[in-house]
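**Student:** Okay, handing you the structure first.
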Amino acid sequence: MASAIVAFAIFAGSAARVLPALLAVTVQQDLGLQPSDVSLPITLGIAVSACVSPFAAYSLERWGVRAPLIVSLALLALSLASTTHAMSPWHLTVVWGLGVGFSGSLSASLLGAMVGSRGGAAHCGTRFGLLASMQPLGSAAGLLLASRAASALDWRFAFQAAAVGVLATAFAVVLVPISRRGALPRGPKSNRHGTSRLKEENWRFWVLATTFCICGASTSGLIDGQLGMLCMGAGLGLTSSADVMAILVLGGAVGSVVSGILADRCPARTLLALYFVVRALLLLWLPFTGFSVVELARFGALYGLDAALTFPALVRLMSVNLGALRVGRAMGWMTVMHLAGGAIASAAIGALGLAAYAVGFAGVGLACLAAAGLVVLLKDAPAQDASSG
């Protein structure tokens, strides 16, 4: 029951957090703002989530799952409800940049990595994939429901309804008992070989961190935060743009589960390199599609599937290269790098404008090829580890 309520909380929170990116253009036009007035708060929200993620990881280790999750959901509900009273850019900066940003620091990837790695490296990919799949499923539900509610009624109603749903989820978390043991047990104290092992883990940590940064630039920055604006800039309506984004995140839900299973049965290092090569090819292909609704939907399905494939393999490599006992705290810093990469890419596209998307896609595509080269430097799981259990 406790695992189910955590999964539902991830689902509900993810459904609500897509509203700023989805309705940014609608809010901008209704309030008479400039495009930068809505893109800046979204970018700030990504950056704030990145900066707070290590503290979110510590809070899970210190207080367990329930208290941080309740605070995160309550803050998200307050931020969504406050959006309906926004009248100026600084209002959006506070509610989207700070409110949604702080609540987003307790991400599905962080919860999934800490819970999924409890049993060691074996099968941690599958456990992580199942939990992480709740995030794209929730995002798809939020996109489909909010776009139609905003079109039929008003964007303010969509934010109000989302706030009520998130608050109800927070009350459900209060009522359902969840173990305080949100953290992994402490690792043993270092022995005489600890210094050399620490040095080895340090360079592997930075290889993983760089890979996460490139992953974030190519997903949360280039696609998640800007795809809705790209679709509407290409002439698609709100509902059609939401459908394209929903196809992308539904592909992500399938990819999370499939990749988790594959990461436990195949060499995660090889899988991850392949995923990044495919992602690079997709990014280089998109500027030549003509941005029709059919081509964007096809891109969304393929890219969503590939984007979600990477995380279970990355978590498995983290467990092998850094140790299962260190995954929780390390995942906080990896989330920083992931969201930092997203913030950089989102800010660059926001500054250059939609006309520069082809340049941005090409640059990030080349970075993905570099990430494919970096992952081969990491240690992969022993064969018996992948097949055990």
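Every chain in the structure tokens has a letter given in the order shown (A, B, ...), and although residue numbers restart at 1 in each chain, ligands are simply numbered from 1 in the order shown.
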Quick one: everything within 10 Å of Leu40 of chain A, counting only C-alpha atoms, minus sequence neighbours fewer than 2 positions away in the same chain. Send it as a ChimeraX atom specification.

**Tutor:** /A:35-38,42-46,89,92-93,96-97,343,346-347,350-351

**Student:** Could those residues be written to a file, using N, CA, C and O atoms, as a CSV table (one decimal), in the first residue's frame?

**Tutor:**
```
chain,number,residue,atom,x,y,z
A,35,PRO,N,7.2,36.8,-24.5
A,35,PRO,CA,7.6,35.4,-24.4
A,35,PRO,C,8.7,35.1,-23.3
A,35,PRO,O,8.6,34.1,-22.7
A,36,SER,N,9.6,36.0,-23.2
A,36,SER,CA,10.6,35.8,-22.1
A,36,SER,C,10.0,35.9,-20.7
A,36,SER,O,10.6,35.3,-19.8
A,37,ASP,N,8.9,36.5,-20.6
A,37,ASP,CA,8.3,36.6,-19.2
A,37,ASP,C,7.7,35.3,-18.8
A,37,ASP,O,7.6,35.1,-17.5
A,38,VAL,N,7.5,34.4,-19.7
A,38,VAL,CA,7.0,33.0,-19.3
A,38,VAL,C,8.1,32.0,-19.4
A,38,VAL,O,8.1,31.0,-18.7
A,42,ILE,N,10.0,29.3,-16.2
A,42,ILE,CA,10.2,27.9,-16.4
A,42,ILE,C,11.6,27.5,-16.3
A,42,ILE,O,12.0,26.5,-15.6
A,43,THR,N,12.5,28.3,-16.9
A,43,THR,CA,14.0,28.0,-16.8
A,43,THR,C,14.4,28.1,-15.3
A,43,THR,O,15.2,27.3,-14.8
A,44,LEU,N,14.0,29.1,-14.6
A,44,LEU,CA,14.3,29.3,-13.2
A,44,LEU,C,13.9,28.1,-12.4
A,44,LEU,O,14.6,27.6,-11.5
A,45,GLY,N,12.7,27.6,-12.7
A,45,GLY,CA,12.2,26.4,-12.0
A,45,GLY,C,13.1,25.2,-12.1
A,45,GLY,O,13.3,24.5,-11.2
A,46,ILE,N,13.6,25.0,-13.4
A,46,ILE,CA,14.5,23.9,-13.6
A,46,ILE,C,15.8,24.1,-12.8
A,46,ILE,O,16.3,23.2,-12.1
A,89,PRO,N,5.0,39.6,-14.5
A,89,PRO,CA,6.1,38.6,-14.7
A,89,PRO,C,6.7,38.1,-13.3
A,89,PRO,O,7.0,36.9,-13.2
A,92,LEU,N,4.8,35.2,-11.8
A,92,LEU,CA,5.1,33.9,-12.4
A,92,LEU,C,6.5,33.4,-11.9
A,92,LEU,O,6.7,32.2,-11.8
A,93,THR,N,7.4,34.4,-11.8
A,93,THR,CA,8.7,34.0,-11.3
A,93,THR,C,8.7,33.3,-9.9
A,93,THR,O,9.4,32.4,-9.7
A,96,TRP,N,6.2,29.8,-10.4
A,96,TRP,CA,6.7,28.8,-11.3
A,96,TRP,C,8.2,28.6,-11.0
A,96,TRP,O,8.7,27.5,-10.9
A,97,GLY,N,8.9,29.7,-10.9
A,97,GLY,CA,10.4,29.5,-10.7
A,97,GLY,C,10.7,29.0,-9.3
A,97,GLY,O,11.6,28.1,-9.2
A,343,ALA,N,18.6,23.5,-17.7
A,343,ALA,CA,18.5,24.9,-17.5
A,343,ALA,C,19.3,25.7,-18.5
A,343,ALA,O,18.9,26.7,-19.1
A,346,SER,N,17.6,25.3,-22.0
A,346,SER,CA,16.3,26.0,-22.0
A,346,SER,C,16.6,27.5,-22.1
A,346,SER,O,16.0,28.2,-22.9
A,347,ALA,N,17.6,28.0,-21.3
A,347,ALA,CA,17.9,29.4,-21.4
A,347,ALA,C,18.5,29.8,-22.7
A,347,ALA,O,18.2,30.9,-23.3
A,350,GLY,N,15.7,29.9,-25.2
A,350,GLY,CA,14.8,31.1,-24.9
A,350,GLY,C,15.5,32.4,-25.3
A,350,GLY,O,14.8,33.3,-25.8
A,351,ALA,N,16.8,32.5,-25.2
A,351,ALA,CA,17.5,33.7,-25.6
A,351,ALA,C,17.6,33.8,-27.1
A,351,ALA,O,17.5,34.9,-27.7
```

**Student:** Quick one: pull the distance between atom CA of Leu78 of chain A and atom CA of Ala21 of chain A, Å, one decimal.

**Tutor:**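 Here the two named atoms are 17.5 Å from each other.
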
**Student:** Work out how far atom CA of Ala280 of chain A is from atom CA of Leu366 of chain A, in Å to one decimal.

**Tutor:**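 Separation between atom CA of Leu366 of chain A and atom CA of Ala280 of chain A: 6.5 Å.
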
**Student:** Rank nothing, just name the residue among A:Ser49, A:Asn321, A:Thr289, A:Gln34 nearest to Trp206 of chain A, using only C-alpha atoms.

**Tutor:**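 Of A:Ser49, A:Asn321, A:Thr289, A:Gln34, the one nearest Trp206 of chain A, counting only C-alpha atoms, is A:Asn321.
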
**Student:** Tell me which protein, DNA and RNA residues are within 9 Å of Leu208 of chain A, counting only C-alpha atoms, leaving out same-chain ones fewer than 6 positions away, and put them as a list in words.

**Tutor:**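 What passes the distance filter is Leu314, Leu317, Met318, Met334, Leu374, Val375 and Leu378 of chain A.
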
**Student:** Take the residues from that selection and write them out as a PDB file, in the first residue's frame, keeping C-alpha atoms.

**Tutor:**
```pdb
ATOM      1  CA  LEU A 314      22.334   5.217 -15.746  1.00  0.00           C
ATOM      2  CA  LEU A 317      25.777   2.077 -13.714  1.00  0.00           C
ATOM      3  CA  MET A 318      25.679   4.367 -10.672  1.00  0.00           C
ATOM      4  CA  MET A 334      23.280  13.763 -10.484  1.00  0.00           C
ATOM      5  CA  LEU A 374      32.010   8.793 -22.127  1.00  0.00           C
ATOM      6  CA  VAL A 375      29.904   5.889 -20.861  1.00  0.00           C
ATOM      7  CA  LEU A 378      32.576   3.249 -16.824  1.00  0.00           C
TER       8      LEU A 378
END
```

**Student:** Determine, counting only C-alpha atoms, which protein, DNA and RNA residues have an atom within 9 Å of an atom of Ala158 of chain A; residues of the same chain fewer than 5 positions away are not included. Present the result as a ChimeraX atom specification.

**Tutor:** /A:19,145-150,153,163

**Student:** Measuring between only C-alpha atoms, which one of A:Phe55, A:Phe157, A:Phe212, A:Phe299 shows the shortest distance to Pro68 of chain A?

**Tutor:**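 Of all the options, A:Phe55 lies closest to Pro68 of chain A.
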
**Student:** Determine, for each residue of segment 261-320 of chain A having at least one atom at most 6 Å from an atom of segment 231-251 of chain A, the closest pair of atoms and their separation in Å to one decimal, counting only C-alpha atoms; order by chain and ascending number, as CSV.

**Tutor:**
```
residue,atom,partner,partner_atom,distance
A:Ala297,CA,A:Val244,CA,5.0
A:Gly300,CA,A:Leu248,CA,4.1
A:Ala301,CA,A:Leu248,CA,4.8
A:Gly304,CA,A:Leu248,CA,4.3
A:Leu305,CA,A:Gly251,CA,4.3
```

**Student:** Take the residues from that selection and write them out as an mmCIF file, in the first residue's frame, keeping all heavy atoms.

**Tutor:**
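Final output, saved to result-v8.cif:
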```cif
data_model
loop_
_atom_site.group_PDB
_atom_site.id
_atom_site.type_symbol
_atom_site.label_atom_id
_atom_site.label_comp_id
_atom_site.auth_asym_id
_atom_site.auth_seq_id
_atom_site.Cartn_x
_atom_site.Cartn_y
_atom_site.Cartn_z
ATOM 1 N N ALA A 297 4.524 14.377 -34.135
ATOM 2 C CA ALA A 297 4.028 13.250 -33.348
ATOM 3 C C ALA A 297 4.947 12.043 -33.486
ATOM 4 O O ALA A 297 5.224 11.334 -32.518
ATOM 5 C CB ALA A 297 2.608 12.895 -33.790
ATOM 6 N N GLY A 300 7.933 12.762 -31.449
ATOM 7 C CA GLY A 300 7.613 12.670 -30.026
ATOM 8 C C GLY A 300 7.596 11.233 -29.530
ATOM 9 O O GLY A 300 8.107 10.930 -28.451
ATOM 10 N N ALA A 301 7.008 10.329 -30.324
ATOM 11 C CA ALA A 301 6.948 8.925 -29.912
ATOM 12 C C ALA A 301 8.340 8.319 -29.818
ATOM 13 O O ALA A 301 8.692 7.657 -28.833
ATOM 14 C CB ALA A 301 6.092 8.132 -30.897
ATOM 15 N N GLY A 304 10.513 10.290 -27.028
ATOM 16 C CA GLY A 304 10.073 9.967 -25.678
ATOM 17 C C GLY A 304 10.519 8.584 -25.258
ATOM 18 O O GLY A 304 10.963 8.370 -24.121
ATOM 19 N N LEU A 305 10.428 7.631 -26.170
ATOM 20 C CA LEU A 305 10.883 6.275 -25.882
ATOM 21 C C LEU A 305 12.372 6.262 -25.581
ATOM 22 O O LEU A 305 12.823 5.687 -24.583
ATOM 23 C CB LEU A 305 10.572 5.369 -27.073
ATOM 24 C CG LEU A 305 11.006 3.903 -26.966
ATOM 25 C CD1 LEU A 305 10.266 3.213 -25.839
ATOM 26 C CD2 LEU A 305 10.763 3.181 -28.288
#
```

**Student:** Using only C-alpha atoms, which residue out of A:Gln160, A:Ser319, A:Ser88, A:Ser53 lies closest to Arg204 of chain A?

**Tutor:**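 Result for the nearest residue to Arg204 of chain A: A:Ser319.
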
**Student:** For Ala170 of chain A, which residue out of A:Ser72, A:Thr219, A:Ser103, A:Gln28 is the nearest one, using only C-alpha atoms?

**Tutor:**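 The answer is A:Ser72, which sits nearest to Ala170 of chain A.
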
**Student:** When you draw a straight line from atom CA of Trp155 of chain A to atom CA of Ala217 of chain A, how long is it in Å?

**Tutor:**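 Spanning atom CA of Trp155 of chain A to atom CA of Ala217 of chain A is a straight-line distance of 28.4 Å.
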
**Student:** Residues near Ser105 of chain A, anyone? I mean within 12 Å using only C-alpha atoms, not counting same-chain ones fewer than 6 positions away, as a ChimeraX atom specification.

**Tutor:** /A:13-14,17,45-60,68-69,71-73,75-76,97-99,111,331-336,338-339

**Student:** Write out as an mmCIF file with N, CA and C atoms, in the first residue's frame each polymer residue whose atoms come within 10 Å of Ala15 of chain A, counting only C-alpha atoms; drop sequence neighbours fewer than 6 positions from it.

**Tutor:**
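In the end it all went to around39.cif:
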```
data_model
loop_
_atom_site.group_PDB
_atom_site.id
_atom_site.type_symbol
_atom_site.label_atom_id
_atom_site.label_comp_id
_atom_site.auth_asym_id
_atom_site.auth_seq_id
_atom_site.Cartn_x
_atom_site.Cartn_y
_atom_site.Cartn_z
ATOM 1 N N ALA A 9 1.556 9.405 -5.882
ATOM 2 C CA ALA A 9 2.010 10.776 -5.628
ATOM 3 C C ALA A 9 2.927 11.253 -6.746
ATOM 4 N N MET A 134 5.852 6.193 -13.660
ATOM 5 C CA MET A 134 4.728 6.987 -13.177
ATOM 6 C C MET A 134 4.856 8.453 -13.584
ATOM 7 N N GLN A 135 6.095 8.928 -13.734
ATOM 8 C CA GLN A 135 6.283 10.332 -14.103
ATOM 9 C C GLN A 135 5.785 10.634 -15.515
ATOM 10 N N PRO A 136 6.193 9.903 -16.557
ATOM 11 C CA PRO A 136 5.645 10.200 -17.883
ATOM 12 C C PRO A 136 4.166 9.887 -18.004
ATOM 13 N N LEU A 137 3.686 8.857 -17.302
ATOM 14 C CA LEU A 137 2.254 8.580 -17.338
ATOM 15 C C LEU A 137 1.455 9.743 -16.749
ATOM 16 N N GLY A 138 1.934 10.272 -15.625
ATOM 17 C CA GLY A 138 1.276 11.429 -15.033
ATOM 18 C C GLY A 138 1.355 12.645 -15.938
ATOM 19 N N SER A 139 2.507 12.868 -16.560
ATOM 20 C CA SER A 139 2.654 14.002 -17.463
ATOM 21 C C SER A 139 1.691 13.899 -18.635
ATOM 22 N N ALA A 140 1.540 12.692 -19.193
ATOM 23 C CA ALA A 140 0.614 12.505 -20.312
ATOM 24 C C ALA A 140 -0.820 12.808 -19.892
ATOM 25 N N ALA A 141 -1.203 12.320 -18.705
ATOM 26 C CA ALA A 141 -2.558 12.594 -18.220
ATOM 27 C C ALA A 141 -2.774 14.086 -18.008
ATOM 28 N N GLY A 142 -1.773 14.757 -17.439
ATOM 29 C CA GLY A 142 -1.895 16.192 -17.222
ATOM 30 C C GLY A 142 -2.002 16.968 -18.514
ATOM 31 N N LEU A 143 -1.220 16.587 -19.512
ATOM 32 C CA LEU A 143 -1.263 17.275 -20.803
ATOM 33 C C LEU A 143 -2.625 17.135 -21.466
ATOM 34 N N LEU A 144 -3.143 15.913 -21.493
ATOM 35 C CA LEU A 144 -4.419 15.669 -22.172
ATOM 36 C C LEU A 144 -5.578 16.349 -21.443
ATOM 37 N N LEU A 145 -5.613 16.233 -20.119
ATOM 38 C CA LEU A 145 -6.730 16.811 -19.361
ATOM 39 C C LEU A 145 -6.651 18.332 -19.308
ATOM 40 N N ALA A 146 -5.467 18.870 -19.035
ATOM 41 C CA ALA A 146 -5.342 20.320 -18.878
ATOM 42 C C ALA A 146 -5.566 21.055 -20.193
ATOM 43 N N ALA A 162 -5.952 21.327 -10.940
ATOM 44 C CA ALA A 162 -4.711 20.617 -10.648
ATOM 45 C C ALA A 162 -4.300 20.821 -9.194
ATOM 46 N N GLY A 165 -6.379 18.558 -7.002
ATOM 47 C CA GLY A 165 -5.952 17.168 -7.122
ATOM 48 C C GLY A 165 -4.660 16.886 -6.373
ATOM 49 N N VAL A 166 -3.702 17.800 -6.465
ATOM 50 C CA VAL A 166 -2.425 17.607 -5.760
ATOM 51 C C VAL A 166 -2.627 17.679 -4.250
#
```
